[in-house]
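Novice: Provided below: upload.cif, containing mmCIF, C-alpha atoms and all ligand atoms.
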```cif
data_upload
loop_
_atom_site.label_atom_id
_atom_site.label_comp_id
_atom_site.auth_asym_id
_atom_site.auth_seq_id
_atom_site.Cartn_x
_atom_site.Cartn_y
_atom_site.Cartn_z
CA MET H 1 -85.17 98.33 -31.97
CA HIS H 2 -84.01 101.34 -30.01
CA VAL H 3 -81.12 102.85 -31.98
CA CYS H 4 -78.53 105.09 -30.32
CA CYS H 5 -76.60 106.09 -33.45
CA ALA H 6 -75.72 105.09 -37.01
CA SER H 7 -72.34 103.58 -36.20
CA CYS H 8 -73.86 101.16 -33.66
CA VAL H 9 -76.84 100.09 -35.75
CA VAL H 10 -75.17 98.69 -38.89
CA TYR H 11 -73.91 95.39 -37.47
CA VAL H 12 -76.89 94.92 -35.16
CA TYR H 13 -79.43 95.53 -37.91
CA ARG H 14 -77.75 93.01 -40.23
CA LYS H 15 -77.55 90.42 -37.48
CA LEU H 16 -81.16 90.78 -36.36
CA SER H 17 -82.76 91.13 -39.77
CA VAL H 18 -81.96 87.45 -40.43
CA ASP H 19 -84.66 86.48 -37.91
CA TYR H 20 -86.73 89.64 -37.40
CA ASP H 21 -88.58 92.29 -39.35
CA VAL H 22 -86.77 95.25 -37.78
CA THR H 23 -88.06 98.79 -37.25
CA CYS H 24 -85.58 101.30 -35.83
CA PHE H 25 -86.64 103.75 -33.13
CA PHE H 26 -84.37 106.76 -32.67
CA TYR H 27 -84.95 108.33 -29.28
CA ASN H 28 -81.93 109.96 -27.65
CA PRO H 29 -82.66 113.19 -25.78
CA ASN H 30 -79.44 112.57 -23.83
CA ILE H 31 -77.30 113.72 -26.77
CA HIS H 32 -75.67 117.10 -26.24
CA PRO H 33 -75.31 119.62 -27.81
CA ARG H 34 -78.13 119.95 -30.33
CA SER H 35 -75.63 120.11 -33.21
CA GLU H 36 -74.27 116.69 -32.20
CA TYR H 37 -77.81 115.31 -31.98
CA ASP H 38 -78.59 116.64 -35.46
CA SER H 39 -75.37 115.20 -36.83
CA ARG H 40 -76.04 111.69 -35.39
CA LYS H 41 -79.63 111.80 -36.61
CA LYS H 42 -78.54 112.88 -40.08
CA GLU H 43 -76.07 110.00 -40.32
CA LEU H 44 -78.85 107.56 -39.45
CA GLU H 45 -81.20 109.14 -42.00
CA ARG H 46 -78.52 108.75 -44.66
CA ILE H 47 -77.80 105.06 -44.08
CA ALA H 48 -81.47 104.24 -43.50
CA ALA H 49 -82.32 105.76 -46.89
CA ASP H 50 -79.44 103.89 -48.59
CA ASN H 51 -80.53 100.57 -47.06
CA GLN H 52 -84.29 101.16 -47.10
CA TRP H 53 -84.64 100.73 -43.34
CA GLU H 54 -87.76 101.82 -41.59
CA VAL H 55 -86.95 104.36 -38.87
CA VAL H 56 -89.21 106.18 -36.42
CA TYR H 57 -87.76 109.43 -35.03
CA ALA H 58 -89.07 110.41 -31.59
CA ASP H 59 -88.82 113.77 -29.79
CA TYR H 60 -85.70 115.47 -28.57
CA ASP H 61 -87.09 116.25 -25.12
CA THR H 62 -83.88 117.21 -23.37
CA ASN H 63 -85.63 119.04 -20.53
CA GLN H 64 -87.15 115.79 -19.36
CA TRP H 65 -83.78 114.04 -19.59
CA PHE H 66 -82.08 116.73 -17.47
CA GLN H 67 -84.92 116.53 -14.91
CA LEU H 68 -84.52 112.76 -14.59
CA VAL H 69 -80.75 112.79 -14.11
CA LYS H 70 -80.79 115.73 -11.67
CA GLY H 71 -78.50 114.94 -8.73
CA HIS H 72 -76.50 112.46 -10.84
CA GLU H 73 -74.43 115.00 -12.76
CA LYS H 74 -71.21 113.78 -11.12
CA ASP H 75 -71.92 110.07 -11.45
CA PRO H 76 -69.22 108.27 -13.41
CA GLU H 77 -70.04 106.70 -16.75
CA ARG H 78 -71.69 103.27 -16.08
CA GLY H 79 -73.14 104.59 -12.82
CA GLU H 80 -76.71 105.34 -11.76
CA ARG H 81 -77.11 108.19 -14.27
CA CYS H 82 -76.64 105.70 -17.10
CA SER H 83 -79.33 103.37 -15.68
CA ILE H 84 -81.76 106.32 -15.63
CA CYS H 85 -80.75 107.27 -19.16
CA PHE H 86 -81.20 103.69 -20.47
CA HIS H 87 -84.53 103.43 -18.70
CA MET H 88 -85.86 106.65 -20.19
CA ARG H 89 -84.89 105.74 -23.73
CA LEU H 90 -86.13 102.16 -23.49
CA GLU H 91 -89.36 103.21 -21.82
CA LYS H 92 -90.30 105.35 -24.80
CA THR H 93 -89.37 102.49 -27.12
CA PHE H 94 -91.57 100.05 -25.19
CA ALA H 95 -94.45 102.53 -25.18
CA TYR H 96 -94.19 102.88 -28.95
CA ALA H 97 -93.93 99.11 -29.40
CA LYS H 98 -96.99 98.49 -27.22
CA THR H 99 -99.14 101.13 -28.95
CA ASN H 100 -98.15 99.96 -32.40
CA GLY H 101 -98.39 96.20 -31.90
CA PHE H 102 -94.72 95.20 -31.98
CA ASP H 103 -93.86 91.77 -30.49
CA ILE H 104 -90.40 92.41 -29.11
CA VAL H 105 -88.04 95.23 -28.16
CA THR H 106 -84.26 95.47 -28.10
CA SER H 107 -81.56 98.13 -28.29
CA THR H 108 -78.24 98.69 -30.04
CA LEU H 109 -76.76 100.02 -26.78
CA SER H 110 -75.09 96.75 -25.73
CA ILE H 111 -72.69 96.82 -28.70
CA SER H 112 -70.59 99.46 -26.96
CA PRO H 113 -67.60 98.11 -24.99
CA TYR H 114 -67.97 101.16 -22.72
CA LYS H 115 -71.43 100.10 -21.52
CA VAL H 116 -72.33 97.37 -19.06
CA THR H 117 -74.70 95.01 -20.83
CA ARG H 118 -76.40 93.72 -17.67
CA GLN H 119 -77.17 97.33 -16.67
CA ILE H 120 -78.98 97.89 -19.99
CA ASN H 121 -80.74 94.55 -19.88
CA ALA H 122 -81.90 95.08 -16.29
CA GLU H 123 -83.83 98.16 -17.43
CA GLY H 124 -85.16 96.30 -20.47
CA GLU H 125 -86.42 93.40 -18.33
CA LYS H 126 -88.16 95.76 -15.88
CA LEU H 127 -89.93 97.56 -18.71
CA SER H 128 -90.83 94.30 -20.40
CA ARG H 129 -92.77 93.25 -17.29
CA LEU H 130 -94.39 96.67 -17.04
CA PHE H 131 -95.54 96.86 -20.66
CA GLY H 132 -96.14 93.15 -21.28
CA VAL H 133 -93.91 93.25 -24.39
CA GLU H 134 -91.02 90.81 -24.78
CA PHE H 135 -87.44 92.11 -24.48
CA LEU H 136 -84.45 90.64 -26.29
CA PRO H 137 -81.60 90.81 -23.74
CA GLU H 138 -78.74 90.70 -26.22
CA ASN H 139 -75.06 91.45 -25.84
CA PHE H 140 -74.11 92.63 -29.30
CA LYS H 141 -70.46 93.24 -28.44
CA LYS H 142 -70.01 89.45 -28.09
CA GLN H 143 -68.23 87.50 -30.85
CA ASP H 144 -66.24 90.61 -31.77
CA GLY H 145 -69.48 92.44 -32.57
CA TYR H 146 -68.07 95.84 -31.68
CA ASN H 147 -65.05 95.60 -33.99
CA LYS H 148 -67.09 94.06 -36.81
CA GLY H 149 -69.62 96.88 -36.47
CA LYS H 150 -66.90 99.53 -36.37
CA LYS H 151 -65.36 98.15 -39.56
CA MET H 152 -68.73 98.04 -41.33
CA ALA H 153 -69.51 101.60 -40.25
CA MET H 154 -66.12 102.82 -41.51
CA GLU H 155 -66.71 101.18 -44.87
CA MET H 156 -70.01 103.02 -45.09
CA GLY H 157 -68.33 106.32 -44.24
CA ILE H 158 -70.21 106.71 -40.97
CA LYS H 159 -68.74 109.19 -38.51
CA HIS H 160 -67.68 107.55 -35.23
CA GLN H 161 -68.44 109.78 -32.25
CA ASN H 162 -65.87 110.10 -29.49
CA TYR H 163 -68.16 110.37 -26.46
CA CYS H 164 -71.28 108.55 -25.32
CA GLY H 165 -73.73 111.41 -25.76
CA CYS H 166 -74.62 113.52 -22.75
CA ILE H 167 -72.92 116.73 -21.62
CA TYR H 168 -71.33 114.89 -18.69
CA SER H 169 -69.76 112.20 -20.87
CA LYS H 170 -68.52 114.97 -23.18
CA GLU H 171 -66.89 116.77 -20.25
CA GLU H 172 -65.33 113.51 -19.00
CA ARG H 173 -63.87 112.88 -22.42
CA GLU H 174 -62.51 116.45 -22.66
CA LYS H 175 -60.88 116.09 -19.24
CA ARG H 176 -59.21 112.82 -20.28
CA VAL H 177 -57.85 114.45 -23.44
CA GLN H 178 -56.60 117.45 -21.44
CA ILE H 179 -54.76 115.21 -18.94
CA LYS H 180 -53.20 113.26 -21.81
CA ASN H 181 -52.08 116.48 -23.53
CA ASP H 182 -50.65 117.88 -20.29
CA LYS H 183 -48.41 114.82 -20.03
CA LEU H 184 -46.92 115.38 -23.49
S1 LIG L 1 -72.80 108.49 -20.27
FE1 LIG L 1 -74.12 107.80 -21.97
S2 LIG L 1 -75.55 106.30 -21.08
FE2 LIG L 1 -74.60 107.46 -19.40
S3 LIG L 1 -76.02 109.12 -18.99
FE3 LIG L 1 -74.52 109.92 -20.44
S4 LIG L 1 -75.41 109.54 -22.46
FE4 LIG L 1 -76.56 108.30 -21.00
#
```
Could you render the structure from this file as structure tokens?
Specialist:
Amino acid sequence: MHVCCASCVVYVYRKLSVDYDVTCFFYNPNIHPRSEYDSRKKELERIAADNQWEVVYADYDTNQWFQLVKGHEKDPERGERCSICFHMRLEKTFAYAKTNGFDIVTSTLSISPYKVTRQINAEGEKLSRLFGVEFLPENFKKQDGYNKGKKMAMEMGIKHQNYCGCIYSKEEREKRVQIKNDKL
């Protein structure tokens, strides 16, 4: 299971572990800056240790991420840049799954109400055909999944981040806050 961060994984892990033997795969070179990446990774390490979850940590190859999204810097969140970003992260997850004999791949990404589930699943389905590994096209925000997950994460003392991850989503968030403050 591709994992984007600790706050998104708690609910999804509990839900899936009823039917699956889950291994988490943390691959998120989109996260900016490095200090934020380290902080999200550390949170995952902490809860994974507390719950005895198996987690694989992949590289933080930001240069490749920036190369792939070149020309899409101004895309809005949920636009083409996000499809590229989902594809890159899921592709690495599929490659790991294929090499290591996993039967099925999914991602925590669809729990976010700010992400379009069909956009994530479209990339997952494409990669599933390419790698010949099944994809679980879930929508974890359904049945109040997002709020349940948020509550669980708060109870576990997990920090909730206030932007998606990349530098562009961070700038968008800062602009929104600035506009709000200017109106006060
Ligand atoms: S907004 Fe989120 S999903 Fe979209 S490109 Fe940035 S980090 Fe990736």
Novice: So how far away is atom CA of H:His160 from atom CA of H:Asn147, in Å?
Specialist: 12.3 Å
Novice: Give me, please, the distance in Å between atom CA of H:Ala49 and atom CA of H:Cys24, quoted to one decimal.
Specialist: 12.4 Å
Novice: Per residue of stretch 112-155 of chain H within 8 Å of stretch 95-105 of chain H, record the nearest atom pair and its distance in Å to one decimal, counting all atoms listed in the file, with rows in chain order and ascending residue number, as CSV.
Specialist:
```
residue,atom,partner,partner_atom,distance
H:Phe131,CA,H:Lys98,CA,6.9
H:Val133,CA,H:Ile104,CA,5.9
H:Glu134,CA,H:Ile104,CA,4.7
H:Phe135,CA,H:Val105,CA,4.9
H:Leu136,CA,H:Val105,CA,6.1
```
Novice: Mind giving me the straight-line distance from atom CA of H:Phe94 to atom CA of H:Leu127 in Å, one decimal?
Specialist: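 A separation of 7.1 Å between them.
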Novice: Produce as a compact mmCIF listing (two decimals) with C-alpha atoms, in the coordinates of the input the set of residues near ligand LIG 1 (chain L), where near means within 10 Å with all atoms listed in the file considered.
Specialist:
```txt
# COMPACT_ATOMS: atom_id res chain seq x y z
CA CYS H 4 -78.53 105.09 -30.32
CA ASN H 28 -81.93 109.96 -27.65
CA PRO H 29 -82.66 113.19 -25.78
CA ASN H 30 -79.44 112.57 -23.83
CA ILE H 31 -77.30 113.72 -26.77
CA HIS H 32 -75.67 117.10 -26.24
CA TRP H 65 -83.78 114.04 -19.59
CA PHE H 66 -82.08 116.73 -17.47
CA VAL H 69 -80.75 112.79 -14.11
CA HIS H 72 -76.50 112.46 -10.84
CA GLU H 73 -74.43 115.00 -12.76
CA ASP H 75 -71.92 110.07 -11.45
CA PRO H 76 -69.22 108.27 -13.41
CA GLU H 77 -70.04 106.70 -16.75
CA ARG H 78 -71.69 103.27 -16.08
CA GLY H 79 -73.14 104.59 -12.82
CA GLU H 80 -76.71 105.34 -11.76
CA ARG H 81 -77.11 108.19 -14.27
CA CYS H 82 -76.64 105.70 -17.10
CA SER H 83 -79.33 103.37 -15.68
CA ILE H 84 -81.76 106.32 -15.63
CA CYS H 85 -80.75 107.27 -19.16
CA PHE H 86 -81.20 103.69 -20.47
CA HIS H 87 -84.53 103.43 -18.70
CA MET H 88 -85.86 106.65 -20.19
CA ARG H 89 -84.89 105.74 -23.73
CA LEU H 109 -76.76 100.02 -26.78
CA TYR H 114 -67.97 101.16 -22.72
CA LYS H 115 -71.43 100.10 -21.52
CA VAL H 116 -72.33 97.37 -19.06
CA ILE H 120 -78.98 97.89 -19.99
CA TYR H 163 -68.16 110.37 -26.46
CA CYS H 164 -71.28 108.55 -25.32
CA GLY H 165 -73.73 111.41 -25.76
CA CYS H 166 -74.62 113.52 -22.75
CA ILE H 167 -72.92 116.73 -21.62
CA TYR H 168 -71.33 114.89 -18.69
CA SER H 169 -69.76 112.20 -20.87
CA LYS H 170 -68.52 114.97 -23.18
CA GLU H 172 -65.33 113.51 -19.00
```
Novice: Pick out the residues sitting within 10 Å of H:His2, and hand them over as JSON, numbers by chain; count all atoms listed in the file, and ignore anything fewer than 6 positions along from it in its own chain.
Specialist: {"H": [9, 23, 24, 25, 26, 27, 28, 55, 56, 89, 90, 91, 92, 93, 94, 105, 106, 107, 108, 109]}
Novice: Specify the axis-aligned box that encloses all atoms of stretch 50-58 of chain H listed in the file after padding of 6 Å on each side, stating its centre and edge lengths in Å to one decimal as JSON.
Specialist:
```
{"center_x": -84.3, "center_y": 105.5, "center_z": -40.1, "size_x": 21.8, "size_y": 21.8, "size_z": 29.0}
```
Novice: Find the spatial neighbours of H:Arg118, counting only C-alpha atoms, within a cut-off of 9 Å - ignore same-chain residues fewer than 6 positions away - and output them as an MDAnalysis selection string.
Specialist: chainID H and resid 110 137 139
Novice: Compare H:Ser128, H:Ile158, H:Gly149, H:Lys74 by their minimum atom-to-atom distance to H:Ala6, counting all atoms listed in the file, and give me the closest one.
Specialist: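 That would be H:Ile158, the residue with the smallest distance to H:Ala6.
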Novice: Applying 10 Å and only C-alpha atoms, which residues near H:Glu45 remain after dropping the ones on its own chain fewer than 5 positions away? List them as JSON, numbers by chain.
Specialist: {"H": [6, 39, 40, 50, 51, 52, 53, 54, 55, 57]}
Novice: Kindly output stretch 149-160 of chain H as a PDB file, keeping the file's coordinate frame, after building all heavy atoms.
Specialist:
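File produced: rebuild.pdb:
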```
ATOM      1  N   GLY H 149     -68.723  95.751 -36.218  1.00  0.00           N
ATOM      2  CA  GLY H 149     -69.620  96.880 -36.470  1.00  0.00           C
ATOM      3  C   GLY H 149     -68.845  98.133 -36.830  1.00  0.00           C
ATOM      4  O   GLY H 149     -69.225  98.892 -37.717  1.00  0.00           O
ATOM      5  N   LYS H 150     -67.732  98.335 -36.132  1.00  0.00           N
ATOM      6  CA  LYS H 150     -66.900  99.530 -36.370  1.00  0.00           C
ATOM      7  C   LYS H 150     -66.349  99.497 -37.797  1.00  0.00           C
ATOM      8  O   LYS H 150     -66.341 100.508 -38.514  1.00  0.00           O
ATOM      9  CB  LYS H 150     -65.766  99.535 -35.342  1.00  0.00           C
ATOM     10  CG  LYS H 150     -65.153 100.898 -35.148  1.00  0.00           C
ATOM     11  CD  LYS H 150     -64.187 100.874 -33.983  1.00  0.00           C
ATOM     12  CE  LYS H 150     -63.356 102.156 -34.012  1.00  0.00           C
ATOM     13  NZ  LYS H 150     -62.291 102.138 -33.033  1.00  0.00           N
ATOM     14  N   LYS H 151     -65.919  98.306 -38.214  1.00  0.00           N
ATOM     15  CA  LYS H 151     -65.360  98.150 -39.560  1.00  0.00           C
ATOM     16  C   LYS H 151     -66.445  98.416 -40.621  1.00  0.00           C
ATOM     17  O   LYS H 151     -66.230  99.141 -41.580  1.00  0.00           O
ATOM     18  CB  LYS H 151     -64.815  96.715 -39.697  1.00  0.00           C
ATOM     19  CG  LYS H 151     -64.018  96.469 -40.945  1.00  0.00           C
ATOM     20  CD  LYS H 151     -63.237  95.151 -40.830  1.00  0.00           C
ATOM     21  CE  LYS H 151     -62.519  94.826 -42.130  1.00  0.00           C
ATOM     22  NZ  LYS H 151     -63.344  94.123 -43.101  1.00  0.00           N
ATOM     23  N   MET H 152     -67.619  97.833 -40.392  1.00  0.00           N
ATOM     24  CA  MET H 152     -68.730  98.040 -41.330  1.00  0.00           C
ATOM     25  C   MET H 152     -69.080  99.526 -41.441  1.00  0.00           C
ATOM     26  O   MET H 152     -69.292 100.054 -42.521  1.00  0.00           O
ATOM     27  CB  MET H 152     -69.994  97.322 -40.838  1.00  0.00           C
ATOM     28  CG  MET H 152     -70.032  95.854 -41.107  1.00  0.00           C
ATOM     29  SD  MET H 152     -71.603  95.253 -40.399  1.00  0.00           S
ATOM     30  CE  MET H 152     -71.401  93.526 -40.610  1.00  0.00           C
ATOM     31  N   ALA H 153     -69.143 100.178 -40.282  1.00  0.00           N
ATOM     32  CA  ALA H 153     -69.510 101.600 -40.250  1.00  0.00           C
ATOM     33  C   ALA H 153     -68.460 102.435 -40.990  1.00  0.00           C
ATOM     34  O   ALA H 153     -68.799 103.353 -41.755  1.00  0.00           O
ATOM     35  CB  ALA H 153     -69.659 102.072 -38.810  1.00  0.00           C
ATOM     36  N   MET H 154     -67.183 102.085 -40.815  1.00  0.00           N
ATOM     37  CA  MET H 154     -66.120 102.820 -41.510  1.00  0.00           C
ATOM     38  C   MET H 154     -66.245 102.659 -43.009  1.00  0.00           C
ATOM     39  O   MET H 154     -66.089 103.612 -43.779  1.00  0.00           O
ATOM     40  CB  MET H 154     -64.746 102.322 -41.036  1.00  0.00           C
ATOM     41  CG  MET H 154     -64.242 103.039 -39.785  1.00  0.00           C
ATOM     42  SD  MET H 154     -62.781 102.273 -39.113  1.00  0.00           S
ATOM     43  CE  MET H 154     -61.575 102.772 -40.336  1.00  0.00           C
ATOM     44  N   GLU H 155     -66.549 101.433 -43.434  1.00  0.00           N
ATOM     45  CA  GLU H 155     -66.710 101.180 -44.870  1.00  0.00           C
ATOM     46  C   GLU H 155     -67.873 101.970 -45.469  1.00  0.00           C
ATOM     47  O   GLU H 155     -67.884 102.283 -46.645  1.00  0.00           O
ATOM     48  CB  GLU H 155     -66.910  99.669 -45.113  1.00  0.00           C
ATOM     49  CG  GLU H 155     -65.618  98.880 -44.970  1.00  0.00           C
ATOM     50  CD  GLU H 155     -65.820  97.377 -44.828  1.00  0.00           C
ATOM     51  OE1 GLU H 155     -66.988  96.908 -44.862  1.00  0.00           O
ATOM     52  OE2 GLU H 155     -64.819  96.672 -44.659  1.00  0.00           O
ATOM     53  N   MET H 156     -68.846 102.253 -44.619  1.00  0.00           N
ATOM     54  CA  MET H 156     -70.010 103.020 -45.090  1.00  0.00           C
ATOM     55  C   MET H 156     -69.818 104.518 -44.896  1.00  0.00           C
ATOM     56  O   MET H 156     -70.732 105.302 -45.136  1.00  0.00           O
ATOM     57  CB  MET H 156     -71.273 102.547 -44.353  1.00  0.00           C
ATOM     58  CG  MET H 156     -71.654 101.128 -44.722  1.00  0.00           C
ATOM     59  SD  MET H 156     -72.888 100.460 -43.586  1.00  0.00           S
ATOM     60  CE  MET H 156     -74.382 101.075 -44.313  1.00  0.00           C
ATOM     61  N   GLY H 157     -68.647 104.905 -44.419  1.00  0.00           N
ATOM     62  CA  GLY H 157     -68.330 106.320 -44.240  1.00  0.00           C
ATOM     63  C   GLY H 157     -69.086 106.972 -43.099  1.00  0.00           C
ATOM     64  O   GLY H 157     -69.323 108.179 -43.105  1.00  0.00           O
ATOM     65  N   ILE H 158     -69.455 106.162 -42.110  1.00  0.00           N
ATOM     66  CA  ILE H 158     -70.210 106.710 -40.970  1.00  0.00           C
ATOM     67  C   ILE H 158     -69.239 107.295 -39.945  1.00  0.00           C
ATOM     68  O   ILE H 158     -68.257 106.654 -39.561  1.00  0.00           O
ATOM     69  CB  ILE H 158     -71.073 105.621 -40.296  1.00  0.00           C
ATOM     70  CG1 ILE H 158     -72.125 105.111 -41.295  1.00  0.00           C
ATOM     71  CG2 ILE H 158     -71.750 106.151 -39.036  1.00  0.00           C
ATOM     72  CD1 ILE H 158     -72.860 103.877 -40.831  1.00  0.00           C
ATOM     73  N   LYS H 159     -69.571 108.494 -39.495  1.00  0.00           N
ATOM     74  CA  LYS H 159     -68.740 109.190 -38.510  1.00  0.00           C
ATOM     75  C   LYS H 159     -68.829 108.470 -37.154  1.00  0.00           C
ATOM     76  O   LYS H 159     -69.919 108.124 -36.713  1.00  0.00           O
ATOM     77  CB  LYS H 159     -69.277 110.621 -38.372  1.00  0.00           C
ATOM     78  CG  LYS H 159     -68.453 111.545 -37.544  1.00  0.00           C
ATOM     79  CD  LYS H 159     -69.148 112.895 -37.450  1.00  0.00           C
ATOM     80  CE  LYS H 159     -68.939 113.481 -36.080  1.00  0.00           C
ATOM     81  NZ  LYS H 159     -70.027 114.278 -35.576  1.00  0.00           N
ATOM     82  N   HIS H 160     -67.687 108.220 -36.542  1.00  0.00           N
ATOM     83  CA  HIS H 160     -67.680 107.550 -35.230  1.00  0.00           C
ATOM     84  C   HIS H 160     -67.532 108.607 -34.152  1.00  0.00           C
ATOM     85  O   HIS H 160     -66.531 109.319 -34.108  1.00  0.00           O
ATOM     86  CB  HIS H 160     -66.527 106.546 -35.176  1.00  0.00           C
ATOM     87  CG  HIS H 160     -66.572 105.683 -33.973  1.00  0.00           C
ATOM     88  ND1 HIS H 160     -67.436 104.605 -33.855  1.00  0.00           N
ATOM     89  CD2 HIS H 160     -65.891 105.754 -32.804  1.00  0.00           C
ATOM     90  CE1 HIS H 160     -67.267 104.051 -32.668  1.00  0.00           C
ATOM     91  NE2 HIS H 160     -66.337 104.723 -32.017  1.00  0.00           N
TER      92      HIS H 160
END
```
